[in-house]
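*Asks:* This is the structure I want to talk about, given as structure tokens.
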Amino acid sequence: MSRKKPAVAAAQPAAPAPSAPAPSFTIPERLALPIALVFVAIAIIRIVSTYHVFATTSDEPAHIACGLEYVANHTYKLESQHPPLARAFIALLPYLSGTRPRGHTNFQQEGWDDIIYEHHPDDTLTRMRLGILPFFVLGCLVTFYWTRRYFGGTAAALATALFTLIPPVLAHAGLATTDMALASCLALAFFMLVRWAEEPTTRRAVAAGFCTALAALSKFTALGFLPIGVVLALVAWYLVARPSASDIAAIAKQRAGGIAIMAGVAALTIWAAFFFSWNGVPAPEYFDGITIAMGHNKTGHPAWLLGQHSVTGWWYYFLVALGVKTPMGLLILFGISLVLVKRSKAQTRLHLLMPLAFALGILLPAMQGNVNIGVRHILPIYIPIAILAALGAEHLLRRQPIIPALLIAWIAVSGAIHHPDYIPYFNESTLLLDDGDHILTDSDYDWGQDRKRLAKRLKELGATQVNFGLVNSPENSFLEAYPGLPPITSIDPTKPVPGWTAVRPTEERAFQYGLEYRYPNLEPWFMYLPRKETVGTIWLYYLPPGS
């Protein structure tokens, strides 16, 4: 006897229609690099457009002097506090255009003479600054390929775009200094070391050793940043992988040969960069430079932070500098990415922890230093920040696209409205302050870049003389030649002088024009006068004759 099947279909309620999946923003892999390169090209245009706006900053003459000695004479004796890689690139185009060493024994005087040599300082300065552009492009490419390898094309395009929108990056990519070289070469070295750790072939060991040498030749701080970043990366790997002691021993044994290859390649590359010089040790100039740099860090440097003066700095200096110099939208996206790190699965977490280890490898040792004169000293940190911020943006794009779109637009507009003044850029957290010099000075605000604007303004005012600069400064004659200031009288902070007085905030905040904070209740005389105006970042005063 057959059993009748119940008609359950009619009795059961209809299943709800599946909800439509949330829209997902994805860039096709084949378009990721072209899109990234568009942002790089836009950034290059922005950078190059600043060249003729700004005069030489404080460090640029020294870099052309030492770089020109290196390129023309194959020696490196004028000043070795910085390695020669970036300086060689700075000097290359001026050298090819006919600029030659002038023979001064003082590197600063040599640099001033090199710039005004043959009476085309603007052209020489442009050629100097163009030498840093390859390092900016390299930094963009490292950001792109690091991100694409572990997180895909969409994140890679976003990370590269974000990196090109960061004002401190644009500022120091546009100057003939060593900071952009450190940023790109240090990130490249760390990335190549991670690649070698994943697949320890001889070819990758050679590449990692060579890139490590590039980082070491860009700036001596790489010798502290890179090892600590690598140690933190190993700690992250250990916490995620939880290897046994026998596993660690086996891995170390397997990679010992590769480590030896990397060390050998790095040492040989550094020695070759100094033309295989020898004086008891290979490349003695390199070791001399390390000694000088360590001495500078030990004695410190006059600095200013949040209304305070110090020579040995503050442990929280770079935290404050990052907080006010980084676009707020970028900080928000970076904060979101830290939540992703915590919630991610083991293998993904390891990939997320690598840029975080690199960032902390820069920040932690920098916080122990005594030279606090600019966020530029930790400029490489913006590469991992851009990578992680891009992941935060991609995460939001899959859920609430309008939020990351607004944040990225905020980042872009925040930097664009300050063009070309990327050096004194501060984010919106400082809007209630009249000037950024209340928070930071030196290369974060006034690095001498506005002396060209000052020369133009004084000419418009009909000034035939200006009180400017430190007492007995040999720089005065250079500034009269370029950018063309009127005859300069050095400022005596205790003796008022009639006429126009132009004051650099850095010289007042950090040095008090020679008072050096020796008298707690005494400030330079011009601080008791109302400012006539501000030219860029420079304060301009006027004391009538006979006052």
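For the structure tokens, the naming scheme is as follows: chains receive sequential letters (A, B, ...) according to their order of presentation, residues are indexed from 1 within each chain, and ligands are indexed from 1 in presentation order.
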To test your reading of the structure, identify every residue in segment 147-256 of chain A that backbone DSSP assigns to alpha helix (DSSP H), and report it as a VMD selection string.

*Replies:* chain A and resid 147 to 151 153 to 164 167 to 173 179 to 198 202 to 218 222 to 241 245 to 256

*Asks:* So that I can see what lies close to segment 135-152 of chain A, please list as a PyMOL selection string the residues with an atom at most 8 Å from it, counting only C-alpha atoms and leaving out residues fewer than 2 positions away in the same chain.

*Replies:* chain A and resi 29+33+36+40+132-133+154-157+159-160+163-164+173+180-181+183-185+187-188+191+351+383-384+386-387+391

*Asks:* Output N, CA and C atoms for every residue in that selection, as a tab-separated table (two decimals), in the first residue's frame.

*Replies:*
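Written output follows (out23.tsv):
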```tsv
chain	number	residue	atom	x	y	z
A	29	GLU	N	43.12	44.25	-11.61
A	29	GLU	CA	44.56	44.12	-11.41
A	29	GLU	C	45.35	44.81	-12.52
A	33	LEU	N	48.35	49.37	-11.50
A	33	LEU	CA	49.61	50.10	-11.69
A	33	LEU	C	49.41	51.37	-12.50
A	36	ALA	N	47.95	53.95	-10.21
A	36	ALA	CA	48.95	54.40	-9.25
A	36	ALA	C	49.93	55.37	-9.91
A	40	VAL	N	51.27	59.23	-9.11
A	40	VAL	CA	52.70	59.56	-9.02
A	40	VAL	C	53.02	60.74	-9.94
A	132	ILE	N	66.58	64.26	-6.51
A	132	ILE	CA	65.86	63.52	-5.47
A	132	ILE	C	64.59	62.88	-6.01
A	133	LEU	N	64.10	63.33	-7.16
A	133	LEU	CA	62.87	62.77	-7.72
A	133	LEU	C	62.92	61.25	-7.92
A	154	THR	N	43.85	46.60	-5.72
A	154	THR	CA	43.04	47.73	-5.24
A	154	THR	C	43.75	48.44	-4.08
A	155	ALA	N	44.20	47.65	-3.11
A	155	ALA	CA	44.91	48.23	-1.97
A	155	ALA	C	46.21	48.89	-2.41
A	156	ALA	N	46.88	48.29	-3.41
A	156	ALA	CA	48.16	48.85	-3.87
A	156	ALA	C	47.96	50.22	-4.50
A	157	ALA	N	46.93	50.36	-5.34
A	157	ALA	CA	46.66	51.65	-5.96
A	157	ALA	C	46.28	52.69	-4.91
A	159	ALA	N	47.15	52.66	-1.68
A	159	ALA	CA	48.32	52.98	-0.85
A	159	ALA	C	49.24	53.96	-1.56
A	160	THR	N	49.46	53.72	-2.85
A	160	THR	CA	50.34	54.62	-3.61
A	160	THR	C	49.73	56.02	-3.70
A	163	PHE	N	50.14	57.77	-0.38
A	163	PHE	CA	51.52	58.18	-0.16
A	163	PHE	C	51.84	59.47	-0.92
A	164	THR	N	51.31	59.60	-2.12
A	164	THR	CA	51.60	60.79	-2.93
A	164	THR	C	50.83	62.02	-2.46
A	173	ALA	N	60.37	65.50	-0.75
A	173	ALA	CA	60.69	65.00	-2.09
A	173	ALA	C	61.07	66.14	-3.01
A	180	MET	N	64.32	61.91	1.64
A	180	MET	CA	63.54	61.08	0.72
A	180	MET	C	64.32	59.84	0.30
A	181	ALA	N	65.63	59.97	0.18
A	181	ALA	CA	66.46	58.81	-0.14
A	181	ALA	C	66.37	57.77	0.95
A	183	ALA	N	63.87	57.35	3.05
A	183	ALA	CA	62.52	56.77	3.06
A	183	ALA	C	62.39	55.64	2.05
A	184	SER	N	62.81	55.88	0.83
A	184	SER	CA	62.62	54.87	-0.22
A	184	SER	C	63.58	53.70	-0.07
A	185	CYS	N	64.84	53.97	0.21
A	185	CYS	CA	65.83	52.89	0.29
A	185	CYS	C	65.63	52.03	1.52
A	187	ALA	N	62.72	51.44	3.07
A	187	ALA	CA	61.54	50.60	2.81
A	187	ALA	C	61.86	49.49	1.82
A	188	LEU	N	62.64	49.81	0.79
A	188	LEU	CA	63.04	48.79	-0.18
A	188	LEU	C	63.85	47.68	0.49
A	191	PHE	N	61.54	45.47	2.64
A	191	PHE	CA	60.70	44.64	1.78
A	191	PHE	C	61.49	43.49	1.18
A	351	HIS	N	51.06	39.28	7.53
A	351	HIS	CA	51.29	40.25	6.47
A	351	HIS	C	50.96	41.67	6.93
A	383	ILE	N	55.51	55.31	4.53
A	383	ILE	CA	55.23	54.20	3.62
A	383	ILE	C	54.38	53.14	4.30
A	384	PRO	N	54.75	52.61	5.47
A	384	PRO	CA	53.85	51.66	6.13
A	384	PRO	C	52.53	52.28	6.57
A	386	ALA	N	50.89	54.56	4.90
A	386	ALA	CA	50.07	54.59	3.68
A	386	ALA	C	49.55	53.20	3.34
A	387	ILE	N	50.38	52.18	3.52
A	387	ILE	CA	49.95	50.80	3.22
A	387	ILE	C	48.80	50.39	4.13
A	391	LEU	N	44.54	49.76	3.48
A	391	LEU	CA	43.76	48.58	3.87
A	391	LEU	C	42.52	48.99	4.65
```

*Asks:* Tell me which protein, DNA and RNA residues are within 7 Å of Ser490 of chain A, counting only C-alpha atoms, leaving out same-chain ones fewer than 2 positions away, and put them as a PyMOL selection string.

*Replies:* chain A and resi 467-472+488+492

*Asks:* Would you mind exporting C-alpha atoms of the selected residues as a CSV table (one decimal), in the first residue's frame?

*Replies:*
```
chain,number,residue,atom,x,y,z
A,467,ASN,CA,68.4,93.3,9.8
A,468,PHE,CA,68.5,89.6,9.4
A,469,GLY,CA,70.5,86.5,10.4
A,470,LEU,CA,72.8,85.6,13.3
A,471,VAL,CA,75.6,87.8,14.4
A,472,ASN,CA,78.8,87.3,12.3
A,488,ILE,CA,72.3,92.6,5.6
A,492,ASP,CA,72.0,91.8,17.8
```

*Asks:* Set the distance at 8 Å and use only C-alpha atoms: which residues neighbour segment 290-292 of chain A once local chain neighbours fewer than 6 positions away are removed? I'd like the list as JSON, numbers by chain.

*Replies:* {"A": [80, 81, 220]}

*Asks:* Emit the selected residues as a PDB file, in the first residue's frame, including C-alpha atoms.

*Replies:*
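Contents of result24.pdb, freshly written:
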```
ATOM      1  CA  SER A  80      80.857  62.956   6.335  1.00  0.00           C
ATOM      2  CA  GLN A  81      77.935  63.203   8.779  1.00  0.00           C
ATOM      3  CA  PHE A 220      73.087  56.727   9.081  1.00  0.00           C
TER       4      PHE A 220
END
```

*Asks:* Write out as a list of chain:residue names each polymer residue whose atoms come within 8 Å of Gly392 of chain A, counting only C-alpha atoms; drop sequence neighbours fewer than 3 positions from it.

*Replies:* A:Leu333, A:Phe334, A:Gly335, A:Ile336, A:Ser337, A:Leu340, A:Leu388, A:Ala389, A:His395, A:Leu396

*Asks:* Got a sec: who's within 8 Å of Ile166 of chain A, counting only C-alpha atoms, leaving out chain neighbours fewer than 3 positions off, as a ChimeraX atom specification?

*Replies:* /A:162-163,169-170,326-327,411,415

*Asks:* Could you take the residues named above and write them with C-alpha atoms, as a CSV table (one decimal), in the first residue's frame?

*Replies:*
```
chain,number,residue,atom,x,y,z
A,162,LEU,CA,47.7,58.1,-0.3
A,163,PHE,CA,51.5,58.2,-0.2
A,169,VAL,CA,56.4,63.6,1.7
A,170,LEU,CA,55.8,66.1,-1.0
A,326,THR,CA,50.0,64.0,9.1
A,327,PRO,CA,46.6,64.6,7.4
A,411,ILE,CA,43.4,64.1,2.7
A,415,GLY,CA,47.3,69.1,1.2
```

*Asks:* Wanna dump the segment 315-425 of chain A-segment 222-244 of chain A contacts at 7 Å for me, each residue with its shortest atom pair and the distance in Å to one decimal, counting only C-alpha atoms, ordered by chain and number, as a Markdown table?

*Replies:*
```
| residue | atom | partner | partner_atom | distance |
| --- | --- | --- | --- | --- |
| A:Ala346 | CA | A:Val240 | CA | 6.0 |
| A:Leu350 | CA | A:Trp237 | CA | 6.4 |
| A:Leu353 | CA | A:Ala236 | CA | 6.5 |
| A:Met354 | CA | A:Ala233 | CA | 5.9 |
| A:Ala357 | CA | A:Leu232 | CA | 5.3 |
| A:Phe358 | CA | A:Gly229 | CA | 4.7 |
| A:Leu360 | CA | A:Gly229 | CA | 6.8 |
| A:Gly361 | CA | A:Gly229 | CA | 3.8 |
| A:Ile362 | CA | A:Phe225 | CA | 4.9 |
| A:Pro365 | CA | A:Phe225 | CA | 6.8 |
```

*Asks:* Let's have the selection written as a CSV table (one decimal), in the first residue's frame, with C-alpha atoms.

*Replies:*
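File result20.csv, as written:
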```
chain,number,residue,atom,x,y,z
A,346,ALA,CA,46.9,34.2,11.4
A,350,LEU,CA,51.5,38.3,9.7
A,353,LEU,CA,52.2,43.1,11.1
A,354,MET,CA,55.1,43.5,8.7
A,357,ALA,CA,56.9,46.3,12.6
A,358,PHE,CA,58.7,48.5,10.0
A,360,LEU,CA,57.7,50.8,15.0
A,361,GLY,CA,61.3,50.0,14.0
A,362,ILE,CA,61.5,53.7,12.9
A,365,PRO,CA,64.6,54.3,18.2
```

*Asks:* For Gly374 of chain A, which residue among A:Trp304, A:Trp315, A:Trp278, A:Phe478 is the nearest when counting only C-alpha atoms?

*Replies:* A:Trp304

*Asks:* Distance atom CA of Arg504 of chain A-atom CA of Asp446 of chain A, one decimal place?

*Replies:*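 Rounded to one decimal, the two atoms are 6.9 Å apart.
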
*Asks:* Restricting the calculation to only C-alpha atoms: of A:Asp421, A:Glu285, A:Glu508, A:Glu69, which residue gets closest to Ala171 of chain A?

*Replies:* A:Asp421
